[in-house]
Amino acid sequence: MIVRVPGDKSLTQRALILAALASGPSRLSGLLHGGDAESTARALRALGADIPVLPGDGSEIVVGGVGLRGLRRPTGVLDLGNSGTGARLLMGALAGSGVTATLTGDASLRGRPMARVTRPLTAMGAEIRFSEADGRLPVEVVGRHPLEPIDWPSPVASAQVKSSILLAGLTGRAFALVTEPCQSRDHTERMLRFLGVSVIEHATSDGWRVEMRDPPDRLRPFEFEVPGDVSSAAFVLALAALGGAGPAGVTVQGVGLNPSRTAFLDVLARMGAPVEIEARSAVDEPGIEPAGDVTVRPAELSATSVGGDEIPRLLDELPLIAVLGARAEGVTTIRDAGELRAKESDRIAAVTRNLRALGVEVEEHHGGLAVRGSDRPLSGRVQSFDDHRITMSFGVLGVVSSRAIEIDDPSVASVSFPGFWRLMDDLARAPERAR
Ligand code: S3P
């Protein structure tokens, strides 16, 4: 079966933020209209940008940007819902804007660490006031302009931290240099370069260095097409690998293939699934995120190990890899992934609890887990933990377990993948239709 998945969550939010900061109208298409994208769009509207309703079919919208110095003070609190990317990137953009705004989020987002961005933003000269608990939302950002230059060693490889600092440098007209332990997704760097901003990056003995020099005083409006989200495609491709979509497998068309995001495809191949990638655009064509079609067919899977520098390139797919491990031969191990504990839920604890609830043998470590695969039937009740990726990972397992797995709140999937359950049903029926 050939399918498409909704637009990339990371790129949608970046496109909206940069279009809001551009001087004039930008044309965006392929945007995600899931919960996180809606939250960021709503916050940008409150800051003065003209953003129409996000269409459900990826059709083009025109975003009226206010310019790098044009954000206005919002009348109410900015509620970023479940979106860590929205909250952290907007804090950066606000830090250099001279505007004051208070940001909050849902219970999951209010529990997530914010000091990783507020510390560098404070070092650049913005004022940050936590109103309830230190390092947690809600937070008031008192933007300043211009900001001080920064040379920040980030202890975590986090695209949200890196992007927040770059956006602060952009609105605050400050030199910004970030060094991360290894390269995290580079969408912001690519988009800034596309818009003519000088951003250079390279490996150093300390990790990965990204440097923005001479930020411009205006950002040109632009046209941008968001490809399908490879992290959403991962669920569909995992289902195909497990045989849940029939012997022919699945092709996902028009999916983002940015190399800083695609290590899950390497893992699927390593576990034994046939993976075919047909690239439709060049990896380094400016202004275009690489995209193409990915086909996966079913296979007997074998266990694998993931860790080290591979982790940031498949960060959001780790719960799914653990779930695949439950159906693979041998023990699948995940290490160096302590960051998973700071996501929409503590994903290491959530996966461990859910897999154990189904009778799977799991060992939990601070920075990962080990899952013993088996082919015996799995059944039981699992929790969503208010986390879209936990929900969808176990959703895939449910489809290949004759629906004997019940999830307490399936609706959470719509944060990044509206239509997920309908697509799962269609894929699960594909073998019947082929008969
Ligand atoms: C994202 C970066 C990653 C990822 C998240 C989206 C982004 O988080 O887990 O889903 O859009 O920059 P970190 O930056 O916290 O690693």
# chains A, B, ... in the order shown; residues from 1 in each chain; ligands from 1

call {"tool": "select_by_dssp", "arguments": {"residues": "stretch 76-314 of chain A", "states": "strand (DSSP E or B)", "output": "PyMOL selection string"}}
result
chain A and resi 78-79+100-104+127-130+139-142+150-153+176-180+198-204+207-213+223-225+228+250-256+275-279+291-296+302+305-306

call {"tool": "write_last_selection", "arguments": {"atoms": "C-alpha atoms", "output": "mmCIF file, in the first residue's frame"}}
result
data_model
loop_
_atom_site.group_PDB
_atom_site.id
_atom_site.type_symbol
_atom_site.label_atom_id
_atom_site.label_comp_id
_atom_site.auth_asym_id
_atom_site.auth_seq_id
_atom_site.Cartn_x
_atom_site.Cartn_y
_atom_site.Cartn_z
ATOM 1 C CA LEU A 78 0.971 32.019 25.642
ATOM 2 C CA ASP A 79 -0.148 28.408 26.122
ATOM 3 C CA THR A 100 7.712 40.605 27.405
ATOM 4 C CA ALA A 101 5.522 37.478 27.370
ATOM 5 C CA THR A 102 4.566 34.657 29.733
ATOM 6 C CA LEU A 103 4.641 31.092 28.420
ATOM 7 C CA THR A 104 2.998 28.015 29.857
ATOM 8 C CA GLU A 127 15.484 38.442 31.844
ATOM 9 C CA ILE A 128 13.696 35.235 32.776
ATOM 10 C CA ARG A 129 11.281 34.879 35.699
ATOM 11 C CA PHE A 130 9.900 31.528 36.775
ATOM 12 C CA VAL A 139 7.941 31.523 32.729
ATOM 13 C CA GLU A 140 7.983 35.215 31.949
ATOM 14 C CA VAL A 141 10.510 36.167 29.300
ATOM 15 C CA VAL A 142 11.497 39.820 29.387
ATOM 16 C CA ILE A 150 27.254 34.001 23.284
ATOM 17 C CA ASP A 151 29.587 30.994 23.102
ATOM 18 C CA TRP A 152 27.546 28.213 24.760
ATOM 19 C CA PRO A 153 28.673 24.645 25.437
ATOM 20 C CA ALA A 176 25.750 32.998 18.607
ATOM 21 C CA LEU A 177 27.957 29.941 18.907
ATOM 22 C CA VAL A 178 26.677 26.644 20.329
ATOM 23 C CA THR A 179 28.704 23.484 20.834
ATOM 24 C CA GLU A 180 26.751 20.283 21.430
ATOM 25 C CA SER A 198 25.443 33.004 7.750
ATOM 26 C CA VAL A 199 25.402 29.771 9.779
ATOM 27 C CA ILE A 200 28.412 27.512 9.658
ATOM 28 C CA GLU A 201 28.840 24.196 11.423
ATOM 29 C CA HIS A 202 31.541 21.592 11.818
ATOM 30 C CA ALA A 203 32.895 18.863 14.082
ATOM 31 C CA THR A 204 35.430 19.889 16.750
ATOM 32 C CA GLY A 207 31.563 17.782 19.616
ATOM 33 C CA TRP A 208 29.549 19.706 17.023
ATOM 34 C CA ARG A 209 29.879 23.480 16.667
ATOM 35 C CA VAL A 210 27.282 25.771 15.097
ATOM 36 C CA GLU A 211 28.049 29.428 14.596
ATOM 37 C CA MET A 212 25.819 32.275 13.423
ATOM 38 C CA ARG A 213 27.703 35.413 12.403
ATOM 39 C CA GLU A 223 8.290 29.775 0.098
ATOM 40 C CA PHE A 224 8.693 26.450 1.847
ATOM 41 C CA GLU A 225 7.185 23.008 1.438
ATOM 42 C CA GLY A 228 6.080 14.266 5.581
ATOM 43 C CA VAL A 250 4.154 -0.186 2.732
ATOM 44 C CA THR A 251 5.574 2.736 0.765
ATOM 45 C CA VAL A 252 5.462 6.133 2.465
ATOM 46 C CA GLN A 253 5.728 8.872 -0.139
ATOM 47 C CA GLY A 254 7.154 12.363 0.249
ATOM 48 C CA VAL A 255 8.821 11.827 3.590
ATOM 49 C CA GLY A 256 11.660 13.981 4.961
ATOM 50 C CA VAL A 275 14.184 -0.999 3.451
ATOM 51 C CA GLU A 276 14.245 0.793 0.081
ATOM 52 C CA ILE A 277 14.807 4.522 -0.111
ATOM 53 C CA GLU A 278 14.146 6.511 -3.247
ATOM 54 C CA ALA A 279 15.472 10.020 -2.759
ATOM 55 C CA ALA A 291 12.688 14.047 0.838
ATOM 56 C CA GLY A 292 11.710 10.849 -0.938
ATOM 57 C CA ASP A 293 9.776 7.605 -0.752
ATOM 58 C CA VAL A 294 10.531 4.789 1.686
ATOM 59 C CA THR A 295 9.335 1.209 1.275
ATOM 60 C CA VAL A 296 9.555 -1.434 3.997
ATOM 61 C CA SER A 302 16.501 -9.782 14.997
ATOM 62 C CA SER A 305 21.835 -2.258 19.871
ATOM 63 C CA VAL A 306 21.560 1.502 19.601
#

call {"tool": "select_by_dssp", "arguments": {"residues": "stretch 116-178 of chain A", "states": "helix (DSSP H, G or I)", "output": "PyMOL selection string"}}
result
chain A and resi 116-123+159-171

call {"tool": "residues_around", "arguments": {"residues": "stretch 235-246 of chain A", "least_positions_apart": "2", "cutoff": "6 Å", "atoms": "only C-alpha atoms", "output": "list in words"}}
result
Ser232, Ala233, Ala248, Gly249, Val250, Ala273, Val296, Arg297, Pro298, Ala299, Val396, Val400, Leu427, Ala428, Ala430 and Pro431 of chain A

call {"tool": "residues_near_ligand", "arguments": {"ligand": "ligand 1", "cutoff": "10 Å", "atoms": "only C-alpha atoms and all ligand atoms", "output": "VMD selection string"}}
result
chain A and resid 8 to 14 83 to 86 88 to 89 112 to 114 116 156 to 164 184 to 188 231 261 311 to 317 339 to 340 342 to 344 389 416

call {"tool": "residues_around", "arguments": {"residues": "A:Val360", "least_positions_apart": "5", "cutoff": "10 Å", "atoms": "only C-alpha atoms", "output": "list in words"}}
result
Val323, Gly325, Ala326, Arg327, Thr352, Arg353, Asn354, Leu355, Val371, Arg372, Gly373, Ser374, Arg376 and Leu378 of chain A

call {"tool": "residues_around", "arguments": {"residues": "A:Gly56", "least_positions_apart": "6", "cutoff": "12 Å", "atoms": "only C-alpha atoms", "output": "list of chain:residue names"}}
result
A:Val5, A:Pro6, A:Gly7, A:Ser29, A:Gly30, A:Leu31, A:Leu32, A:His33, A:Gly34, A:Gly35, A:Ala37, A:Glu38, A:Ser414, A:Phe417, A:Pro418, A:Gly419

call {"tool": "residues_around", "arguments": {"residues": "A:Ala174", "least_positions_apart": "5", "cutoff": "8 Å", "atoms": "only C-alpha atoms", "output": "list in words"}}
result
Pro146, Leu147, Glu148, Pro149, Ile150, Ala168, Gly169, Arg213, Asp214 and Pro215 of chain A

call {"tool": "closest_residue", "arguments": {"among": "A:Leu90, A:Met191, A:Leu318, A:Ala303", "to": "A:Leu167", "atoms": "only C-alpha atoms"}}
result
A:Leu90

call {"tool": "residues_around", "arguments": {"residues": "A:Arg73", "least_positions_apart": "4", "cutoff": "10 Å", "atoms": "only C-alpha atoms", "output": "list of chain:residue names"}}
result
A:Ala46, A:Leu47, A:Gly48, A:Leu94, A:Ser97, A:Gly98, A:Val99, A:Thr100, A:Ala101, A:Thr102
